[in-house]
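So this one's upload.cif, mmCIF, C-alpha atoms and all ligand atoms:
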```cif
data_upload
loop_
_atom_site.label_atom_id
_atom_site.label_comp_id
_atom_site.auth_asym_id
_atom_site.auth_seq_id
_atom_site.Cartn_x
_atom_site.Cartn_y
_atom_site.Cartn_z
CA MET B 261 83.04 88.38 106.43
CA GLN B 262 79.29 88.96 106.26
CA PHE B 263 77.53 92.31 106.51
CA SER B 264 75.91 91.06 109.73
CA GLN B 265 79.37 90.99 111.33
CA VAL B 266 80.00 94.64 110.50
CA ILE B 267 79.05 96.99 113.35
CA GLY B 268 76.29 99.47 112.50
CA GLN B 269 76.60 101.25 109.09
CA SER B 270 73.14 100.10 107.98
CA SER B 271 72.68 102.68 105.20
CA ILE B 272 76.13 101.98 103.72
CA LYS B 273 75.37 98.25 103.80
CA GLU B 274 72.03 98.82 102.05
CA ASN B 275 73.72 100.92 99.37
CA LEU B 276 76.44 98.36 98.69
CA ILE B 277 73.90 95.55 98.49
CA ARG B 278 71.66 97.54 96.13
CA ILE B 279 74.59 98.32 93.82
CA VAL B 280 75.28 94.58 93.48
CA GLN B 281 71.63 93.61 93.07
CA GLU B 282 71.10 96.23 90.38
CA ASP B 283 74.32 95.17 88.68
CA LYS B 284 75.71 98.69 88.93
CA ILE B 285 79.04 97.98 90.58
CA HIS B 286 81.57 100.66 89.73
CA HIS B 287 84.95 99.27 88.66
CA ALA B 288 86.88 101.54 91.06
CA ASN B 289 85.40 102.05 94.50
CA MET B 290 87.00 104.06 97.24
CA LEU B 291 85.87 103.49 100.83
CA SER B 292 87.06 106.45 102.82
CA GLY B 293 86.98 106.60 106.63
CA LYS B 294 88.75 105.58 109.84
CA MET B 295 89.43 101.86 110.27
CA GLY B 296 87.60 102.11 113.62
CA TYR B 297 84.40 102.96 111.70
CA GLY B 298 84.58 99.53 110.02
CA THR B 299 85.96 100.59 106.63
CA LEU B 300 87.96 97.40 106.01
CA ALA B 301 85.18 95.23 107.48
CA LEU B 302 82.71 96.77 105.01
CA ALA B 303 85.07 96.17 102.08
CA LEU B 304 85.45 92.51 103.07
CA ALA B 305 81.67 92.05 103.41
CA PHE B 306 81.14 93.81 100.07
CA ALA B 307 83.66 91.54 98.30
CA GLN B 308 82.13 88.43 99.86
CA TYR B 309 78.65 89.53 98.78
CA ILE B 310 79.79 90.13 95.19
CA LEU B 311 81.44 86.71 94.96
CA CYS B 312 78.78 84.73 96.91
CA GLU B 313 77.11 82.02 94.83
CA ASN B 314 73.92 82.10 96.83
CA LYS B 315 73.38 85.67 97.97
CA GLY B 316 70.32 86.69 99.93
CA GLU B 317 68.45 89.97 99.99
CA ALA B 318 70.53 91.37 102.83
CA ASP B 319 73.75 89.38 103.05
CA SER B 320 76.05 86.76 101.55
CA CYS B 321 75.13 83.18 102.48
CA GLY B 322 78.31 82.61 104.48
CA THR B 323 78.43 78.91 103.59
CA CYS B 324 78.88 78.48 99.80
CA ALA B 325 82.31 77.45 98.50
CA SER B 326 83.01 81.03 97.49
CA CYS B 327 82.08 82.53 100.88
CA VAL B 328 84.24 79.95 102.64
CA LYS B 329 87.22 80.86 100.45
CA VAL B 330 86.69 84.60 100.94
CA LYS B 331 86.49 84.08 104.69
CA LYS B 332 89.84 82.29 104.63
CA MET B 333 91.21 85.00 102.31
CA ALA B 334 92.02 82.24 99.85
CA HIS B 335 89.67 83.01 96.96
CA PRO B 336 91.61 82.94 93.66
CA ASP B 337 89.70 85.97 92.34
CA LEU B 338 90.11 88.10 95.46
CA HIS B 339 93.47 89.84 95.71
CA PHE B 340 94.91 92.01 98.46
CA VAL B 341 97.53 94.71 98.51
CA TYR B 342 98.60 96.26 101.83
CA PRO B 343 101.75 97.87 103.22
CA THR B 344 104.74 95.55 103.60
CA PHE B 345 107.97 96.03 105.52
CA GLU B 346 110.98 95.03 103.48
CA SER B 347 112.13 96.48 100.21
CA LYS B 348 110.48 94.63 97.29
CA GLU B 349 108.39 92.56 99.71
CA LEU B 350 105.11 91.68 97.99
CA SER B 351 101.81 91.50 99.84
CA THR B 352 101.52 87.85 98.81
CA SER B 353 104.80 87.05 100.61
CA ILE B 354 103.19 87.93 103.95
CA ILE B 355 99.64 86.77 103.22
CA GLY B 356 99.93 84.36 106.18
CA LYS B 357 100.34 87.29 108.55
CA TRP B 358 97.51 89.18 106.84
CA ARG B 359 95.17 86.18 107.31
CA GLU B 360 96.19 85.83 110.97
CA MET B 361 95.63 89.53 111.58
CA ASN B 362 92.16 89.42 110.05
CA GLU B 363 91.25 86.24 111.88
CA ALA B 364 92.22 87.88 115.16
CA TYR B 365 90.70 91.35 114.60
CA GLN B 366 87.87 90.65 112.12
CA GLY B 367 88.61 93.68 109.97
CA TYR B 368 88.92 96.11 112.88
CA PHE B 369 92.55 97.19 113.06
CA GLU B 370 94.62 100.10 111.84
CA ILE B 371 98.06 100.62 110.37
CA ALA B 372 99.77 100.87 113.79
CA ASP B 373 98.29 97.48 114.77
CA TRP B 374 99.47 95.92 111.49
CA VAL B 375 102.99 97.31 112.02
CA ASN B 376 103.09 96.02 115.63
CA PHE B 377 101.72 92.65 114.62
CA ASN B 378 104.65 92.28 112.23
CA LYS B 379 107.12 93.66 114.78
CA ALA B 380 108.26 96.02 112.04
CA LYS B 381 108.93 99.72 111.58
CA ASN B 382 108.96 100.95 108.00
CA PHE B 383 105.87 100.31 105.96
CA LYS B 384 104.95 101.08 102.38
CA ILE B 385 102.92 99.79 99.48
CA ARG B 386 105.61 98.65 97.06
CA ASN B 387 106.08 99.51 93.44
CA GLU B 388 106.31 95.75 92.80
CA ASP B 389 102.88 95.24 94.32
CA CYS B 390 101.34 97.82 91.98
CA GLU B 391 102.91 96.03 89.02
CA GLN B 392 101.55 92.73 90.32
CA VAL B 393 98.04 94.23 90.41
CA ILE B 394 98.27 95.01 86.69
CA ARG B 395 99.53 91.50 85.89
CA ASN B 396 96.69 89.93 87.91
CA PHE B 397 94.12 91.89 85.95
CA LEU B 398 95.45 90.90 82.57
CA LEU B 399 94.52 87.30 83.39
CA LYS B 400 90.96 86.02 83.23
CA SER B 401 89.17 85.33 86.49
CA PHE B 402 89.58 81.77 87.75
CA GLU B 403 85.97 81.15 88.53
CA GLY B 404 84.51 83.02 85.56
CA ASN B 405 82.96 85.76 87.64
CA TYR B 406 84.26 89.03 89.05
CA LYS B 407 87.86 89.61 89.93
CA ILE B 408 88.33 91.88 92.93
CA GLN B 409 91.39 93.80 94.09
CA ILE B 410 91.32 95.24 97.61
CA ILE B 411 94.00 97.83 98.34
CA TRP B 412 94.18 98.57 102.07
CA MET B 413 95.60 101.96 103.11
CA ALA B 414 95.76 102.91 99.43
CA GLU B 415 97.16 106.36 100.31
CA LEU B 416 100.44 104.59 101.09
CA MET B 417 100.95 103.83 97.40
CA GLY B 418 102.33 107.32 96.90
CA LYS B 419 103.42 108.01 93.34
CA GLU B 420 103.30 104.31 92.49
CA SER B 421 99.55 104.68 92.20
CA ASN B 422 100.23 106.34 88.81
CA LYS B 423 100.80 102.86 87.47
CA LEU B 424 97.19 101.98 88.19
CA LEU B 425 95.74 104.92 86.24
CA LYS B 426 95.65 103.09 82.94
CA ILE B 427 93.83 100.10 84.38
CA PHE B 428 91.36 102.44 86.07
CA GLU B 429 90.70 104.13 82.72
CA GLU B 430 90.34 100.95 80.70
CA PRO B 431 89.41 98.28 83.18
CA PRO B 432 89.25 94.70 81.89
CA PRO B 433 85.67 93.40 82.01
CA LYS B 434 84.37 92.18 85.38
CA SER B 435 87.20 93.70 87.33
CA ILE B 436 86.54 95.58 90.54
CA PHE B 437 88.89 97.67 92.64
CA ILE B 438 88.15 98.51 96.25
CA LEU B 439 90.51 101.13 97.62
CA ILE B 440 90.39 101.60 101.38
CA VAL B 441 91.73 104.92 102.63
CA GLU B 442 91.85 106.87 105.87
CA ASN B 443 93.34 110.07 104.42
CA MET B 444 91.98 110.51 100.95
CA GLU B 445 93.79 113.84 100.41
CA GLU B 446 97.11 111.96 100.34
CA LEU B 447 96.14 110.19 97.13
CA LEU B 448 96.87 111.61 93.69
CA PRO B 449 93.88 113.66 92.43
CA THR B 450 93.99 111.69 89.17
CA ILE B 451 93.26 108.50 91.15
CA ILE B 452 90.53 110.10 93.26
CA SER B 453 88.73 111.45 90.22
CA ARG B 454 88.47 107.97 88.69
CA CYS B 455 86.89 106.40 91.76
CA GLN B 456 83.38 106.12 93.05
CA ILE B 457 83.85 107.58 96.52
CA ILE B 458 81.91 106.07 99.39
CA LYS B 459 82.40 108.02 102.61
CA ILE B 460 82.10 105.82 105.67
CA PRO B 461 80.62 107.75 108.61
CA HIS B 462 81.62 107.28 112.25
CA LEU B 463 79.60 104.93 114.46
CA SER B 464 76.75 106.34 116.51
CA HIS B 465 76.93 106.49 120.31
CA GLU B 466 74.35 103.69 120.50
CA GLU B 467 76.28 101.42 118.12
CA LEU B 468 79.54 102.05 119.92
CA THR B 469 77.99 101.49 123.36
CA ALA B 470 76.38 98.21 122.26
CA GLU B 471 79.65 96.90 120.80
CA LEU B 472 81.79 97.95 123.77
CA THR B 473 79.31 96.34 126.16
CA LYS B 474 79.81 93.05 124.31
CA ILE B 475 83.60 93.34 124.59
CA TYR B 476 83.75 94.71 128.17
CA PRO B 477 80.58 93.54 129.95
CA SER B 478 81.99 94.46 133.35
CA LYS B 479 82.93 98.05 132.45
CA PRO B 480 79.68 99.99 132.07
CA ALA B 481 81.12 103.05 133.83
CA GLU B 482 84.18 103.28 131.56
CA ILE B 483 82.03 102.72 128.48
CA GLN B 484 79.73 105.55 129.52
CA ARG B 485 82.71 107.80 130.05
CA ILE B 486 84.59 106.89 126.86
CA VAL B 487 81.80 106.82 124.24
CA PRO B 488 81.19 110.60 124.16
CA ILE B 489 84.90 111.27 123.57
CA ALA B 490 85.67 108.42 121.15
CA GLU B 491 84.42 110.19 118.00
CA GLY B 492 82.52 107.11 116.83
CA ASP B 493 85.78 105.23 116.38
CA LEU B 494 85.77 101.70 117.82
CA LEU B 495 89.56 101.42 117.85
CA LEU B 496 90.00 104.72 119.68
CA ALA B 497 87.35 103.70 122.23
CA LYS B 498 88.97 100.30 122.82
CA ALA B 499 92.39 101.86 123.34
CA SER B 500 90.95 104.35 125.87
CA ILE B 501 89.14 101.63 127.81
CA GLU B 502 92.18 99.39 127.88
CA GLU B 503 94.20 102.26 129.30
CA SER B 504 91.62 102.94 131.99
CA ASN B 505 91.48 99.19 132.79
CA PHE B 506 95.09 99.44 133.64
CA ASN B 507 94.37 102.35 135.99
CA ILE B 508 91.62 100.51 137.82
CA GLU B 509 93.91 97.53 138.31
CA ALA B 510 96.68 99.81 139.51
CA ALA B 511 94.27 101.47 141.96
CA VAL B 512 93.11 98.13 143.34
CA TYR B 513 96.72 97.02 143.70
CA LYS B 514 97.55 100.23 145.58
CA TRP B 515 94.57 99.98 147.87
CA LEU B 516 95.34 96.36 148.80
CA LYS B 517 98.94 97.25 149.47
CA PHE B 518 97.96 100.14 151.77
CA VAL B 519 95.35 98.15 153.63
CA VAL B 520 97.52 95.08 154.16
CA THR B 521 100.58 97.15 155.09
CA ALA B 522 98.53 99.35 157.43
CA ALA B 523 97.32 96.20 159.18
CA HIS B 524 100.79 94.82 159.30
CA LYS B 525 102.96 97.80 160.24
CA LYS B 526 100.55 100.35 161.67
CA ASP B 527 102.98 103.10 160.73
CA LEU B 528 101.91 106.68 160.20
CA ALA B 529 103.29 106.98 156.66
CA THR B 530 101.20 104.04 155.45
CA ILE B 531 98.08 105.31 157.16
CA SER B 532 98.44 108.82 155.75
CA GLY B 533 99.15 107.25 152.34
CA LEU B 534 95.88 105.35 152.63
CA MET B 535 94.09 108.57 153.58
CA ARG B 536 95.50 110.38 150.55
CA PHE B 537 94.47 107.48 148.34
CA ASN B 538 90.99 107.59 149.86
CA ASP B 539 90.79 111.32 149.17
CA GLY B 540 91.72 110.65 145.55
CA ILE B 541 89.11 107.98 145.02
CA ALA B 542 86.49 109.90 147.01
CA GLY B 543 87.11 112.84 144.68
CA SER B 544 86.46 110.81 141.53
CA GLY B 545 83.01 110.24 140.08
CA LYS B 546 80.40 107.90 141.51
CA GLU B 547 80.72 105.55 138.53
CA GLU B 548 84.48 105.28 139.00
CA GLN B 549 84.06 104.54 142.69
CA LYS B 550 81.58 101.78 141.89
CA THR B 551 83.89 100.35 139.22
CA PHE B 552 86.75 100.34 141.70
CA LEU B 553 84.67 98.48 144.33
CA HIS B 554 83.33 96.00 141.79
CA TYR B 555 86.86 95.31 140.67
CA LEU B 556 87.89 94.80 144.29
CA LEU B 557 85.11 92.21 144.63
CA HIS B 558 86.29 90.56 141.43
CA PHE B 559 89.82 90.43 142.85
CA LEU B 560 88.64 88.81 146.11
CA ARG B 561 86.60 86.20 144.24
CA GLU B 562 89.62 85.41 142.06
CA SER B 563 91.85 85.01 145.15
CA LEU B 564 89.37 82.49 146.52
CA VAL B 565 89.52 80.58 143.24
CA MET B 566 93.29 80.75 143.49
CA LYS B 567 93.19 79.16 146.94
CA TYR B 568 91.79 75.97 145.48
CA SER B 569 92.85 75.86 141.87
CA ASN B 570 96.08 77.84 141.48
CA ASN B 571 94.45 79.59 138.59
CA CYS B 572 92.88 83.00 138.20
CA ASN B 573 91.65 85.61 135.79
CA LEU B 574 93.77 88.61 136.76
CA ALA B 575 96.55 90.70 135.25
CA GLN B 576 100.13 89.86 136.18
CA ASP B 577 100.63 92.31 139.11
CA LEU B 578 97.33 91.50 140.74
CA ARG B 579 97.88 87.82 140.17
CA LYS B 580 100.90 87.96 142.46
CA VAL B 581 98.81 89.66 145.14
CA ALA B 582 96.09 87.04 144.68
CA GLU B 583 98.70 84.32 145.23
CA TYR B 584 99.72 86.09 148.42
CA PHE B 585 96.09 86.28 149.56
CA ALA B 586 95.45 82.65 148.68
CA GLY B 587 98.40 81.65 150.86
CA ASN B 588 97.86 84.05 153.80
CA VAL B 589 94.23 85.07 154.08
CA GLU B 590 91.45 82.80 155.34
CA VAL B 591 88.16 82.31 153.52
CA ASP B 592 86.13 83.95 156.34
CA GLN B 593 88.37 87.05 156.19
CA ILE B 594 87.74 87.42 152.46
CA ALA B 595 84.01 86.90 153.01
CA GLU B 596 83.96 89.59 155.70
CA ILE B 597 85.70 92.14 153.48
CA GLN B 598 83.23 91.31 150.71
CA THR B 599 80.36 92.32 153.00
CA TYR B 600 82.10 95.66 153.76
CA ILE B 601 82.51 96.32 150.05
CA ASP B 602 78.85 95.47 149.46
CA THR B 603 77.91 97.95 152.17
CA ALA B 604 80.15 100.62 150.62
CA LEU B 605 78.49 100.05 147.23
CA TYR B 606 75.07 100.34 148.82
CA GLU B 607 75.98 103.60 150.56
CA ILE B 608 77.56 105.14 147.46
CA GLU B 609 74.44 104.31 145.49
CA ARG B 610 72.48 106.26 148.10
CA ASN B 611 74.82 109.24 147.85
CA GLY B 612 76.53 108.81 151.22
CA SER B 613 79.71 110.78 151.90
CA SER B 614 82.26 108.95 149.77
CA LYS B 615 85.15 110.13 151.95
CA MET B 616 83.62 108.55 155.05
CA ILE B 617 82.62 105.43 153.12
CA PHE B 618 86.17 104.82 151.90
CA ILE B 619 87.77 105.58 155.26
CA ASN B 620 85.40 103.13 156.93
CA LEU B 621 86.12 100.49 154.36
CA GLY B 622 89.87 100.94 154.73
CA ILE B 623 89.85 100.77 158.54
CA LYS B 624 87.50 97.80 158.75
CA SER B 625 89.38 95.87 156.08
CA SER B 626 92.67 96.58 157.82
CA ARG B 627 91.28 95.18 161.05
CA VAL B 628 90.18 92.02 159.29
CA PHE B 629 93.65 91.50 157.82
CA ASN B 630 95.23 92.18 161.19
CA ARG B 631 93.61 89.02 162.55
CA GLY B 632 95.77 86.91 160.29
CA VAL B 633 99.45 86.31 160.65
CA PHE B 634 101.43 88.09 158.00
CA GLU B 635 104.81 86.57 157.52
CA ARG B 636 105.84 88.78 154.68
CA ASP B 637 104.72 91.79 152.76
CA PHE B 638 103.72 91.50 149.11
CA ALA B 639 105.75 93.23 146.44
ZN ZN B 701 77.93 82.50 99.75
#
```
Mind turning the file's structure into structure tokens?
Amino acid sequence: MQFSQVIGQSSIKENLIRIVQEDKIHHANMLSGKMGYGTLALALAFAQYILCENKGEADSCGTCASCVKVKKMAHPDLHFVYPTFESKELSTSIIGKWREMNEAYQGYFEIADWVNFNKAKNFKIRNEDCEQVIRNFLLKSFEGNYKIQIIWMAELMGKESNKLLKIFEEPPPKSIFILIVENMEELLPTIISRCQIIKIPHLSHEELTAELTKIYPSKPAEIQRIVPIAEGDLLLAKASIEESNFNIEAAVYKWLKFVVTAAHKKDLATISGLMRFNDGIAGSGKEEQKTFLHYLLHFLRESLVMKYSNNCNLAQDLRKVAEYFAGNVEVDQIAEIQTYIDTALYEIERNGSSKMIFINLGIKSSRVFNRGVFERDFA
């Protein structure tokens, strides 16, 4: 991993680079901060920079033999210890999983993700792993340069970390430890006192917004809502947005069900259900209303795609509805509803009464559906 792939953290990056350039690398470094701040990502970029054969002023080259090996987590002088799941299970026994995890999440994941990824429950850094660390450091480095040991979630070593004290006190030459911790106070004070502590700060609102916009380009409203409450933690922000995604999809599903059923059955219960739903959405914020309508447009476009290709970019529940639409709703009906949604968006933007706007949209859309022949209800 290169520093350029780490989100934000410019002053930490500058410090780490300077330490290497001035040849002042401490033998025991502790990076302390939430994983959602990029703590593991920084450690990986730091290790790659140290081992790079062709380092630049501001980053590792990314292409030399050493960088390539670090990227694949297959450098003979870069060792990892992390929590494992079976008694006596060494980190090296599940290195395949560790590589997969890092490939998929690029250093941005936390202990709960690692546990889920392994479909496991109990996690711990094993006594055997601590002993292995000592054995590794008694050997010379393979490539004649630094030997680096990364310990992820080092606070999970518990008392076993005592074993490492001696090696921290009398480190073999050219050996570097990088301990990554979220809760430093859970480590033994004797370990903490032997480390150079680098506190990783949370991401700024701007950094978080920029990153979330890359991941969720169609969710500006959610991003705006989540960033102020995410405490600069990318993982917390992502989890919140993914939860609210689910809600938007559920709302769209509900709306479609009401509108189609109202057209189909014309019963009072459905109509009053639609009214209640309208009240709910009319009572939410302007940004939420716009997100809802944009998602509705997205759904209609995907149902059109489905009509011709049997393929679409929707979650499971909505996919079923899209299949229903593709089979039962004509292209001109979908196009007509799209124009009503566009009008609703226009009126919301101009601060029209959202209650009236949503009632109008519901009634008009219901009429359009009523033109078609509905053989069966969906779900
Ligand atoms: Zn390189």
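Nearest to Gln366 in chain B of all the residues B:Ile267, B:Ile440, B:Ala586, B:Cys327 is B:Ile267, based on all atoms listed in the file.
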Problem set entry | Nearby residues, ligand ZN 701 (chain B), 6 Å, all atoms listed in the file, as a ChimeraX atom specification | /B:312-315,320-324,326-327
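Of note, CA of Gly540 in chain B and CA of Tyr476 in chain B are spaced 24.9 Å apart.
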Problem set entry | Test item: residues at most 10 Å from Ala582 in chain B, only C-alpha atoms, excluding those fewer than 5 positions along its chain, as a PyMOL selection string | chain B and resi 559-567+570-572+574+576-577+587-589+638
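Using only C-alpha atoms, the shortest contact distance between Ala499 in chain B and any of B:Tyr606, B:Phe369, B:Glu583, B:Pro461 is found at B:Phe369.
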Problem set entry | Pick from B:Ile411, B:Ala288, B:Leu605, B:Leu556, whichever lies nearest to Ile451 in chain B using only C-alpha atoms | B:Ala288
